[in-house]
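Trainee: Got a structure for you, data.cif, holding mmCIF, C-alpha atoms.
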data_data
loop_
_atom_site.label_atom_id
_atom_site.label_comp_id
_atom_site.auth_asym_id
_atom_site.auth_seq_id
_atom_site.Cartn_x
_atom_site.Cartn_y
_atom_site.Cartn_z
CA MET A 57 0.00 0.00 0.00
CA SER A 58 1.12 3.49 -0.72
CA LEU A 59 1.95 5.59 2.30
CA GLY A 60 1.33 8.97 0.76
CA LYS A 61 -2.11 8.57 -0.78
CA ARG A 62 -4.18 7.11 1.98
CA TRP A 63 -6.47 10.07 2.49
CA LEU A 64 -9.88 10.25 0.89
CA VAL A 65 -10.56 13.56 -0.79
CA PRO A 66 -13.12 14.67 1.85
CA ALA A 67 -10.69 13.84 4.65
CA LEU A 68 -8.03 15.93 2.97
CA ILE A 69 -10.36 18.89 2.82
CA VAL A 70 -11.47 18.57 6.43
CA GLY A 71 -7.92 17.93 7.61
CA ALA A 72 -6.65 21.01 5.83
CA ALA A 73 -9.36 23.12 7.44
CA LEU A 74 -8.56 21.80 10.89
CA ALA A 75 -4.87 22.33 10.35
CA SER A 76 -5.31 25.92 9.26
CA TYR A 77 -7.45 26.60 12.31
CA HIS A 78 -5.29 24.95 14.95
CA TYR A 79 -1.79 25.62 13.65
CA ARG A 80 -0.03 28.83 12.92
CA ARG A 81 1.14 29.41 9.38
CA ARG A 82 4.80 28.84 10.22
CA ASP A 83 3.96 25.37 11.59
CA LEU A 84 1.85 24.27 8.64
CA GLY A 85 4.81 23.15 6.55
CA ARG A 86 5.97 20.85 9.32
CA LEU A 87 2.47 19.41 9.70
CA LEU A 88 2.09 18.71 5.98
CA GLU A 89 5.49 17.03 5.92
CA ASN A 90 4.36 14.76 8.76
CA LEU A 91 1.25 13.88 6.79
CA ARG A 92 3.23 13.19 3.64
CA ARG A 93 5.67 10.92 5.45
CA TYR A 94 2.91 9.25 7.46
CA SER A 95 4.82 9.81 10.69
CA ALA A 96 3.49 9.29 14.20
CA PRO A 97 1.48 12.55 14.55
CA ASN A 98 -0.41 11.62 11.40
CA ALA A 99 -1.88 8.45 12.90
CA THR A 100 -3.61 10.47 15.60
CA LEU A 101 -4.69 13.23 13.23
CA TYR A 102 -5.88 10.75 10.61
CA ASP A 103 -8.03 9.00 13.21
CA ALA A 104 -9.39 12.27 14.57
CA VAL A 105 -10.42 13.43 11.11
CA THR A 106 -11.72 10.19 9.60
CA ALA A 107 -13.44 8.61 12.62
CA PRO A 108 -16.43 11.01 12.46
CA LEU A 109 -16.59 10.71 8.67
CA LEU A 110 -16.40 6.92 8.52
CA GLY A 111 -18.05 5.91 11.80
CA GLY A 112 -21.43 5.13 10.26
CA PHE A 113 -19.85 3.26 7.38
CA PHE A 114 -17.73 1.11 9.70
CA THR A 115 -20.79 0.29 11.80
CA ARG A 116 -22.73 -0.86 8.72
CA ALA A 117 -19.80 -2.86 7.35
CA ALA A 118 -19.11 -4.49 10.73
CA THR A 119 -22.79 -5.37 11.16
CA ASP A 120 -22.84 -7.04 7.74
CA LEU A 121 -19.67 -8.99 8.52
CA ALA A 122 -20.96 -10.09 11.93
CA GLU A 123 -24.09 -11.45 10.29
CA LEU A 124 -22.09 -13.12 7.53
CA ALA A 125 -19.77 -15.10 9.80
CA PRO A 126 -20.37 -14.64 13.56
CA TRP A 127 -17.64 -17.17 14.53
CA ALA A 128 -15.09 -16.29 11.86
CA ARG A 129 -11.39 -15.66 11.83
CA VAL A 130 -11.26 -12.28 10.12
CA LEU A 131 -8.34 -10.46 8.53
CA GLU A 132 -8.56 -6.74 7.85
CA VAL A 133 -6.08 -5.48 5.24
CA GLY A 134 -5.17 -1.83 5.62
CA SER A 135 -6.63 -1.63 9.12
CA GLY A 136 -5.42 1.90 9.88
CA PRO A 137 -6.41 3.08 13.37
CA GLY A 138 -8.45 -0.10 13.87
CA ARG A 139 -11.98 1.30 13.99
CA LEU A 140 -13.62 -1.34 11.80
CA ALA A 141 -11.90 -4.33 13.44
CA ILE A 142 -12.79 -3.11 16.94
CA LYS A 143 -16.41 -2.40 16.01
CA LEU A 144 -16.65 -5.90 14.53
CA ALA A 145 -15.27 -7.47 17.72
CA GLU A 146 -17.75 -5.48 19.81
CA LEU A 147 -20.68 -6.67 17.71
CA ALA A 148 -19.61 -10.34 17.49
CA PRO A 149 -18.01 -11.69 20.67
CA ASP A 150 -16.99 -14.98 19.03
CA ILE A 151 -15.06 -13.39 16.18
CA GLN A 152 -11.26 -13.21 16.17
CA VAL A 153 -9.89 -10.27 14.17
CA THR A 154 -6.38 -9.61 12.92
CA GLY A 155 -5.53 -6.31 11.28
CA VAL A 156 -2.49 -5.57 9.13
CA ASP A 157 -1.24 -2.16 8.10
CA ILE A 158 1.97 -1.08 6.45
CA THR A 159 2.48 1.82 8.85
CA PRO A 160 3.89 1.01 12.31
CA GLU A 161 2.35 4.14 13.86
CA MET A 162 -1.10 3.04 12.70
CA VAL A 163 -0.56 -0.41 14.18
CA GLU A 164 0.50 1.09 17.49
CA LYS A 165 -2.54 3.37 17.50
CA ALA A 166 -4.88 0.48 16.67
CA ASN A 167 -3.51 -1.84 19.38
CA SER A 168 -3.85 0.95 21.92
CA LEU A 169 -7.46 1.52 20.86
CA ALA A 170 -8.19 -2.22 21.12
CA THR A 171 -6.83 -2.27 24.66
CA ASN A 172 -8.84 0.78 25.66
CA SER A 173 -11.96 -0.75 24.10
CA GLY A 174 -11.58 -4.00 26.03
CA VAL A 175 -11.24 -6.28 22.99
CA ALA A 176 -7.47 -6.82 22.89
CA ASP A 177 -7.96 -10.51 23.73
CA ARG A 178 -9.72 -11.00 20.38
CA VAL A 179 -8.24 -8.25 18.21
CA GLU A 180 -4.60 -7.74 17.29
CA PHE A 181 -2.85 -5.55 14.77
CA ARG A 182 0.42 -6.27 13.01
CA VAL A 183 2.66 -4.50 10.55
CA GLY A 184 2.27 -6.11 7.15
CA ASP A 185 2.01 -5.51 3.42
CA VAL A 186 -0.84 -6.87 1.34
CA ALA A 187 1.69 -7.92 -1.29
CA SER A 188 3.29 -10.32 1.21
CA LEU A 189 0.86 -11.15 4.00
CA PRO A 190 2.63 -12.68 7.04
CA PHE A 191 0.22 -15.60 7.44
CA PRO A 192 0.07 -19.25 6.35
CA ASP A 193 -2.24 -20.44 3.60
CA ALA A 194 -5.94 -20.76 4.42
CA SER A 195 -5.64 -18.87 7.73
CA PHE A 196 -8.88 -16.85 7.60
CA ASP A 197 -12.57 -17.31 6.96
CA VAL A 198 -13.13 -13.69 5.94
CA VAL A 199 -10.89 -10.91 4.63
CA VAL A 200 -12.07 -7.31 4.54
CA SER A 201 -10.45 -4.17 3.16
CA THR A 202 -11.80 -0.62 3.10
CA PHE A 203 -10.53 2.26 0.95
CA SER A 204 -7.16 0.63 0.52
CA LEU A 205 -7.01 -1.25 -2.78
CA HIS A 206 -6.56 1.80 -5.01
CA HIS A 207 -3.41 2.64 -3.02
CA TRP A 208 -1.73 -0.74 -3.50
CA PRO A 209 1.33 -0.53 -5.78
CA ASN A 210 0.52 -4.04 -7.05
CA PRO A 211 -3.21 -4.74 -6.68
CA ALA A 212 -2.97 -8.03 -8.58
CA LYS A 213 -0.43 -9.35 -6.09
CA GLY A 214 -2.60 -8.13 -3.22
CA LEU A 215 -5.63 -10.07 -4.47
CA GLU A 216 -3.43 -13.12 -5.01
CA GLU A 217 -2.28 -12.92 -1.39
CA ILE A 218 -5.83 -12.46 -0.10
CA TYR A 219 -6.87 -15.55 -2.04
CA ARG A 220 -3.96 -17.50 -0.57
CA VAL A 221 -4.78 -16.72 3.07
CA LEU A 222 -8.52 -17.40 2.64
CA ARG A 223 -9.69 -20.89 3.48
CA PRO A 224 -11.69 -22.73 0.78
CA GLY A 225 -15.23 -21.43 1.06
CA GLY A 226 -14.04 -18.12 2.48
CA VAL A 227 -15.10 -14.67 1.32
CA ALA A 228 -13.31 -11.35 0.88
CA ARG A 229 -15.17 -8.05 0.94
CA VAL A 230 -13.38 -5.10 -0.59
CA TYR A 231 -14.80 -1.61 -0.22
CA ASP A 232 -13.22 1.22 -2.18
CA VAL A 233 -13.87 4.39 -4.12
CA VAL A 234 -15.42 3.89 -7.53
CA GLY A 235 -13.27 3.64 -10.60
CA TRP A 236 -13.24 7.24 -11.75
CA ILE A 237 -11.98 8.40 -8.35
CA GLY A 238 -9.38 5.66 -8.14
CA ARG A 239 -8.07 6.43 -11.63
CA PHE A 240 -7.91 10.13 -10.78
CA GLU A 241 -5.77 9.37 -7.75
CA GLN A 242 -3.53 6.57 -8.99
CA GLY A 243 -4.80 5.01 -12.20
CA GLY A 244 -4.58 1.36 -13.11
CA ALA A 245 -7.03 -1.40 -13.92
CA SER A 246 -10.60 -1.48 -12.66
CA ILE A 247 -11.64 -3.82 -9.87
CA ALA A 248 -13.52 -5.97 -12.40
CA GLU A 249 -10.38 -6.40 -14.48
CA LEU A 250 -8.27 -7.10 -11.40
CA ALA A 251 -10.73 -9.70 -10.12
CA GLU A 252 -10.97 -11.46 -13.48
CA ASP A 253 -7.19 -11.73 -13.72
CA SER A 254 -6.72 -12.82 -10.11
CA PRO A 255 -7.07 -16.33 -8.66
CA PHE A 256 -10.63 -15.35 -7.75
CA GLY A 257 -11.46 -14.98 -11.42
CA GLU A 258 -9.62 -18.12 -12.42
CA ARG A 259 -10.62 -20.47 -9.61
CA GLY A 260 -13.16 -18.55 -7.55
CA ALA A 261 -16.05 -16.21 -8.12
CA TYR A 262 -16.85 -12.59 -7.54
CA THR A 263 -19.85 -10.28 -7.63
CA GLN A 264 -19.80 -6.51 -7.62
CA THR A 265 -22.37 -4.26 -5.98
CA TYR A 266 -22.29 -0.60 -5.13
CA THR A 267 -22.80 0.61 -1.58
CA GLN A 268 -24.19 3.89 -0.36
CA SER A 269 -21.73 6.77 -0.45
CA ILE A 270 -20.17 7.51 2.91
CA THR A 271 -19.70 11.21 2.22
CA THR A 272 -21.64 12.89 -0.56
CA ARG A 273 -23.08 11.90 -3.90
CA LEU A 274 -22.72 13.63 -7.21
CA GLY A 275 -26.40 13.40 -7.94
CA PRO A 276 -27.19 9.71 -8.52
CA ILE A 277 -23.53 8.78 -9.05
CA PRO A 278 -22.22 6.35 -6.39
CA LEU A 279 -18.84 7.04 -4.84
CA VAL A 280 -18.10 3.76 -3.04
CA TYR A 281 -18.34 0.17 -4.22
CA ARG A 282 -18.28 -3.18 -2.48
CA VAL A 283 -16.87 -6.25 -4.18
CA GLU A 284 -17.32 -9.79 -2.85
CA LEU A 285 -14.66 -12.33 -3.74
CA PHE A 286 -15.23 -16.00 -2.96
CA ARG A 287 -12.70 -18.77 -2.71
CA ARG A 288 -14.65 -21.80 -3.76
CA GLU A 289 -14.52 -25.06 -1.88
CA GLN A 290 -11.87 -27.41 -3.22
CA GLN A 291 -13.19 -29.48 -6.04
CA SER A 292 -13.42 -33.22 -5.69
CA SER A 293 -10.67 -35.20 -7.38
CA ALA A 294 -13.38 -37.44 -8.82
CA ARG A 295 -14.80 -34.84 -11.20
CA THR A 296 -16.05 -36.44 -14.39
CA SER A 297 -17.06 -33.60 -16.68
CA GLU A 298 -16.32 -34.15 -20.34
CA ASP A 299 -13.60 -31.53 -20.42
CA GLU A 300 -11.74 -33.11 -17.49
CA ARG A 301 -11.78 -36.73 -18.63
CA PRO A 302 -8.92 -38.05 -20.70
CA PRO A 303 -9.67 -37.86 -24.44
CA SER A 304 -9.77 -41.66 -24.69
CA GLN A 305 -12.70 -41.75 -22.22
CA ARG A 306 -14.83 -39.05 -23.85
#
Take the structure from the file and write it as structure tokens.
Mentor:
Amino acid sequence: MSLGKRWLVPALIVGAALASYHYRRRDLGRLLENLRRYSAPNATLYDAVTAPLLGGFFTRAATDLAELAPWARVLEVGSGPGRLAIKLAELAPDIQVTGVDITPEMVEKANSLATNSGVADRVEFRVGDVASLPFPDASFDVVVSTFSLHHWPNPAKGLEEIYRVLRPGGVARVYDVVGWIGRFEQGGASIAELAEDSPFGERGAYTQTYTQSITTRLGPIPLVYRVELFRREQQSSARTSEDERPPSQR
């Protein structure tokens, strides 16, 4: 995941307004440099700015996940300050959640929040990169990611890794800004193209639906999508379709 492009456009606007109000002009350059480098002060500021903006969204997403798999082992990719993972643990007491984020300061912030929220026994956060997830194969029942995919330097590798750590029958839910916003910020293939070319497209299945915008709409135009990616159960070795039988037996 990219460190410098994590902010949603609305968060950038609100953050800039807060910064101009609370900091003198001569300190603004230092603040912006901290944000660009994603240093420790940014984890706190990022959480302060985005928590009010994304709180309702995280509640809805966590509620959906809790209903989907109330006893699951869940991995959150790009967990940031940990708001979604902690909300999920609060809603589903039998769920175990692991969050990974590329930024150590975010991981520290998230673990502190989990402790303060009383869910640290079921929620942990680790430093990790979606392109090389630090987990064995088939470790999780569910993987979730929010507003992260369009920042990944190699989205195809990220989806490959998510597929790898999902158990057969598992599901990944990826929420992100719609294509025109993602292309404006970083460019690259659409989620449909990425899914088709990933192991999910080759050996799994995916469906794409759009969710309600978490900030504002441009008229009827949605701003946020949700994609579901399924790792199918392993196929039986006794399959007998015509295409899979030796030519001599067709």
Trainee: Please indicate the distance in Å from CA of Thr159 (chain A) to CA of Gly214 (chain A), rounded to one decimal place.
Mentor: 16.4 Å
Trainee: Closest to Asp157 (chain A) among A:Phe113, A:Pro190, A:Lys143, A:Ala176, using all atoms listed in the file?
Mentor: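 So, comparing all the options, the nearest one is A:Pro190.
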Trainee: Excluding region 160-167 of chain A and its own-chain neighbours fewer than 6 positions away, which residues fall within 9 Å of it when counting only C-alpha atoms? Please give them as a ChimeraX atom specification.
Mentor: /A:94-100,103,135-139,142,176,179-184
Trainee: Please provide the set of residues having any atom within 10 Å of Leu285 (chain A), restricted to all atoms listed in the file, with same-chain residues fewer than 5 positions apart removed, written as a list in words.
Mentor: Val198, Val199, Leu215, Ile218, Tyr219, Gly226, Val227, Ala228, Arg229, Val230, Ala251, Pro255, Phe256, Gly257, Gly260, Ala261, Tyr262, Thr263 and Gln264 of chain A
Trainee: Figure out the distance between CA of Arg178 (chain A) and CA of Tyr281 (chain A), please, to one decimal in Å.
Mentor: 28.4 Å
Trainee: Counting only C-alpha atoms, which residue out of A:Ala245, A:Glu289, A:Asp232, A:Val105 sits closest to Thr265 (chain A)?
Mentor: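 The answer is A:Asp232, which sits nearest to Thr265 (chain A).
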Trainee: Find the residue from A:Leu222, A:Ala107, A:Ala128, A:Leu140 that sits nearest to Phe286 (chain A); use only C-alpha atoms when measuring.
Mentor: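 Ranked by minimum distance to Phe286 (chain A), first place goes to A:Leu222.
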Trainee: So what do you get for CA of Gly134 (chain A) versus CA of Val234 (chain A), distance-wise?
Mentor: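 Computed distance, CA of Gly134 (chain A) to CA of Val234 (chain A), equals 17.6 Å.
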Trainee: Given the file shown, enumerate the residues that the PyMOL selection byres ((chain A and resi 117) around 12) captures and present them as JSON, numbers by chain.
Mentor: {"A": [110, 111, 112, 113, 114, 115, 116, 118, 119, 120, 121, 122, 123, 124, 132, 139, 140, 141, 142, 143, 144, 147, 200, 201, 202, 229, 230, 231, 267, 268, 270, 282]}
